[in-house]
Amino acid sequence: MIKLRVLIVLFVASVSCFGAFAEEIPTAHPGSVGLSSDRLDRITKAMNDHVEAGNIAGGTGLIARHGKIAYFETYGFQDRESEIPMSPDTIFRIYSMSKAITGVAVMVLHEEGHFFLTDPVSKYLPEYADMKVAVKTGEDVELVDAEHAITIRDLLRHTSGITYGSRGNTSPHYRQANLRDSQDLEAFSKKLGTVPLESEPGSAWEYGFSIDVLGRLVEVISGMTFDVFLEKRIFKPLKMVDSAFHVPADKHKRLATLYSPNAEGGGITVATSRAQDSYKHKPAFFSGGGGLVSTTMDYARFCQMLLNDGALDGEQILGKKSVELMRANHLGDIPKKGRLIAQDGIGFGLTFAVTLDPGQTGALDSAGVYRWGGAAGTRFWIDPAEDMVCVFMVNILPYRDLNYGDEFKLLAYQAIIE
């Protein structure tokens, strides 16, 4: 078991090799920020037990409280078959944790006065004017005119009527549009604009491609490709040196191997998905909904910026009120489709879930926590009440029905003693 004092030494050594990826967030003894060292050890033991049992190849976990890292551990292997140990600077496919970064990009432009969140997105992306809604009538599906325009806020909170096309009345239309073969965001957006909506804009929460549309909005408003905008306005100021839409050749050795659950008998095996190697090449389509890679420390810096009301190390990415707006519940009584936030006591802000009432969720948590995760098991939580950030990284795809991230969260919260 690697203790914190040993890990801090590793941080210093790693900085000399890989650049200033860890020195910018100070470290602290757990007790000095109200965490129990003994209780934090429970996290390390649990995750190492999962490695030994073959449930995960490896992962990382980070907890920062009061602006200081009190826990940062690596577990197991970056590549189990080659016995390459997990490293603090291992690069992970973060999939839908990209969404929060896209949300911040949109809010940066919003603060500059380029648009209101209540603006119809068709004002800037005309392909979303005159949308149709697919309505079930008996055995048939009828396309009717949408009564309301899709707003930018609808896209940020997943109430646009745009889905991922895996179910519902619009599934055939998504298949026909062949969206995933789009050459770039412009082509993707124009194809998506031809697909009817699953529900009337503003009438239901349903997960989907909304955030990818926002990536195209950023391009149109800023005049930059989405990757360049993120690098200039978010990654470079925050010193997120390993966050991008691909892993360059000189960093390939740091990319975590992707695993998949075995169909029978439990455990995992090396994934055969094209995502195993596709992130080693720069894409033409920059998916703000799920296309980024990052490291534990890079993403912790992003989360700490949000916890600090938009600022980190003298860089003011967003203003305080913008962050407050992002982490507010924007659903009200809007119904929620799908299982991702179906639980009572959970709302949704601008690109991430928000805990409204821990008494309803039944989980160790705080009212006001905002969080999200990625398809391969990566997770983050930001807790303003406890002044705490948690980041958990693994790469297992598909991750459905696995709960290692939830276990990490529970064990992180039980370590708070003051």
# chains A, B, ... in the order shown; residues from 1 in each chain; ligands from 1
call {"tool": "closest_atom_pairs", "arguments": {"of": "range 73-146 of chain A", "to": "range 273-289 of chain A", "cutoff": "10 Å", "atoms": "only C-alpha atoms", "output": "tab-separated table"}}
result
residue	atom	partner	partner_atom	distance
A:Phe92	CA	A:Tyr279	CA	9.9
A:Arg93	CA	A:Tyr279	CA	8.0
A:Tyr95	CA	A:Gly289	CA	7.2
A:Ser96	CA	A:Gly289	CA	5.6
A:Met97	CA	A:Gly289	CA	7.9
A:Ser98	CA	A:Gly289	CA	5.7
A:Lys99	CA	A:Gly289	CA	4.9
A:Ala100	CA	A:Gly289	CA	8.7
A:Ile101	CA	A:Gly288	CA	7.7
A:Thr102	CA	A:Gly288	CA	5.5
A:Gly103	CA	A:Gly288	CA	8.8
A:Ala105	CA	A:Gly288	CA	9.8
call {"tool": "residues_around", "arguments": {"residues": "Leu185 in chain A", "least_positions_apart": "4", "cutoff": "12 Å", "atoms": "only C-alpha atoms", "output": "PyMOL selection string"}}
result
chain A and resi 125+179-181+189-192+209+211-220+224-227+283-289+291
call {"tool": "write_last_selection", "arguments": {"atoms": "N, CA and C atoms", "output": "short mmCIF file (atom, residue, chain, number, x, y, z; two decimals), in the first residue's frame"}}
result
data_model
loop_
_atom_site.label_atom_id
_atom_site.label_comp_id
_atom_site.auth_asym_id
_atom_site.auth_seq_id
_atom_site.Cartn_x
_atom_site.Cartn_y
_atom_site.Cartn_z
N LEU A 125 -27.05 28.06 -35.82
CA LEU A 125 -26.94 26.83 -36.60
C LEU A 125 -28.29 26.62 -37.30
N LEU A 179 -24.69 9.13 -38.54
CA LEU A 179 -24.00 10.26 -37.93
C LEU A 179 -22.54 9.99 -37.61
N ARG A 180 -22.24 8.79 -37.18
CA ARG A 180 -20.89 8.51 -36.69
C ARG A 180 -19.86 8.48 -37.81
N ASP A 181 -20.30 8.51 -39.05
CA ASP A 181 -19.36 8.58 -40.16
C ASP A 181 -19.15 10.01 -40.66
N SER A 189 -23.37 18.07 -37.59
CA SER A 189 -24.48 18.91 -37.17
C SER A 189 -25.54 19.01 -38.26
N LYS A 190 -25.12 19.12 -39.49
CA LYS A 190 -26.08 19.22 -40.58
C LYS A 190 -26.86 17.92 -40.76
N LYS A 191 -26.21 16.78 -40.59
CA LYS A 191 -26.92 15.50 -40.63
C LYS A 191 -27.92 15.39 -39.48
N LEU A 192 -27.46 15.75 -38.29
CA LEU A 192 -28.33 15.63 -37.11
C LEU A 192 -29.55 16.53 -37.24
N PHE A 209 -26.95 13.50 -28.19
CA PHE A 209 -25.90 14.22 -28.90
C PHE A 209 -25.95 15.75 -28.69
N ILE A 211 -24.68 17.75 -26.63
CA ILE A 211 -23.41 18.42 -26.30
C ILE A 211 -22.50 18.49 -27.52
N ASP A 212 -22.62 17.54 -28.44
CA ASP A 212 -21.85 17.61 -29.68
C ASP A 212 -22.32 18.78 -30.54
N VAL A 213 -23.62 19.07 -30.50
CA VAL A 213 -24.13 20.25 -31.21
C VAL A 213 -23.48 21.51 -30.63
N LEU A 214 -23.31 21.54 -29.32
CA LEU A 214 -22.68 22.70 -28.69
C LEU A 214 -21.23 22.87 -29.12
N GLY A 215 -20.55 21.76 -29.37
CA GLY A 215 -19.19 21.86 -29.91
C GLY A 215 -19.18 22.61 -31.23
N ARG A 216 -20.15 22.31 -32.08
CA ARG A 216 -20.27 23.03 -33.36
C ARG A 216 -20.64 24.50 -33.12
N LEU A 217 -21.50 24.76 -32.14
CA LEU A 217 -21.84 26.15 -31.82
C LEU A 217 -20.59 26.93 -31.43
N VAL A 218 -19.73 26.33 -30.63
CA VAL A 218 -18.47 26.98 -30.24
C VAL A 218 -17.64 27.32 -31.47
N GLU A 219 -17.58 26.40 -32.43
CA GLU A 219 -16.81 26.66 -33.65
C GLU A 219 -17.38 27.85 -34.42
N VAL A 220 -18.68 27.89 -34.58
CA VAL A 220 -19.31 28.96 -35.37
C VAL A 220 -19.14 30.31 -34.68
N MET A 224 -12.98 29.28 -34.47
CA MET A 224 -11.90 28.30 -34.31
C MET A 224 -12.49 26.90 -34.40
N THR A 225 -11.67 25.94 -34.80
CA THR A 225 -12.10 24.56 -34.65
C THR A 225 -12.19 24.26 -33.15
N PHE A 226 -13.04 23.31 -32.80
CA PHE A 226 -13.34 23.07 -31.40
C PHE A 226 -12.10 22.67 -30.61
N ASP A 227 -11.24 21.88 -31.20
CA ASP A 227 -10.03 21.46 -30.48
C ASP A 227 -9.13 22.65 -30.16
N PRO A 283 -8.47 13.06 -34.71
CA PRO A 283 -9.70 12.88 -35.48
C PRO A 283 -10.06 14.16 -36.23
N ALA A 284 -10.94 14.02 -37.20
CA ALA A 284 -11.51 15.19 -37.86
C ALA A 284 -12.76 15.66 -37.14
N PHE A 285 -13.43 14.71 -36.45
CA PHE A 285 -14.66 15.01 -35.73
C PHE A 285 -14.33 15.15 -34.25
N PHE A 286 -14.46 16.35 -33.72
CA PHE A 286 -14.11 16.63 -32.33
C PHE A 286 -15.37 16.54 -31.47
N SER A 287 -15.58 15.40 -30.85
CA SER A 287 -16.80 15.14 -30.10
C SER A 287 -16.73 15.77 -28.71
N GLY A 288 -17.46 16.85 -28.53
CA GLY A 288 -17.55 17.46 -27.21
C GLY A 288 -18.39 16.64 -26.25
N GLY A 289 -19.13 15.68 -26.77
CA GLY A 289 -19.93 14.82 -25.92
C GLY A 289 -19.18 13.62 -25.39
N GLY A 291 -15.34 12.75 -26.72
CA GLY A 291 -14.15 12.47 -27.50
C GLY A 291 -12.81 12.74 -26.85
#
call {"tool": "closest_atom_pairs", "arguments": {"of": "range 329-417 of chain A", "to": "range 148-154 of chain A", "cutoff": "10 Å", "atoms": "only C-alpha atoms", "output": "Markdown table"}}
result
| residue | atom | partner | partner_atom | distance |
| --- | --- | --- | --- | --- |
| A:His330 | CA | A:Arg153 | CA | 8.8 |
| A:Leu331 | CA | A:Asp154 | CA | 10.0 |
| A:Gly349 | CA | A:Arg153 | CA | 9.7 |
| A:Leu350 | CA | A:Arg153 | CA | 7.5 |
| A:Thr351 | CA | A:Arg153 | CA | 9.8 |
call {"tool": "write_last_selection", "arguments": {"atoms": "C-alpha atoms", "output": "PDB file, in the first residue's frame"}}
result
ATOM      1  CA  HIS A 330     -32.404  23.323 -14.430  1.00  0.00           C
ATOM      2  CA  LEU A 331     -35.080  20.633 -14.666  1.00  0.00           C
ATOM      3  CA  GLY A 349     -27.545  21.400 -14.251  1.00  0.00           C
ATOM      4  CA  LEU A 350     -25.705  22.496 -17.372  1.00  0.00           C
ATOM      5  CA  THR A 351     -23.949  19.259 -18.471  1.00  0.00           C
TER       6      THR A 351
END
call {"tool": "select_by_dssp", "arguments": {"residues": "range 27-142 of chain A", "states": "helix (DSSP H, G or I)", "output": "number ranges by chain"}}
result
A: 30-33, 37-53, 95-111, 121-123, 126-128
call {"tool": "closest_residue", "arguments": {"among": "A:Arg175, A:Arg65, A:Arg157, A:His50", "to": "Tyr404 in chain A", "atoms": "only C-alpha atoms"}}
result
A:His50
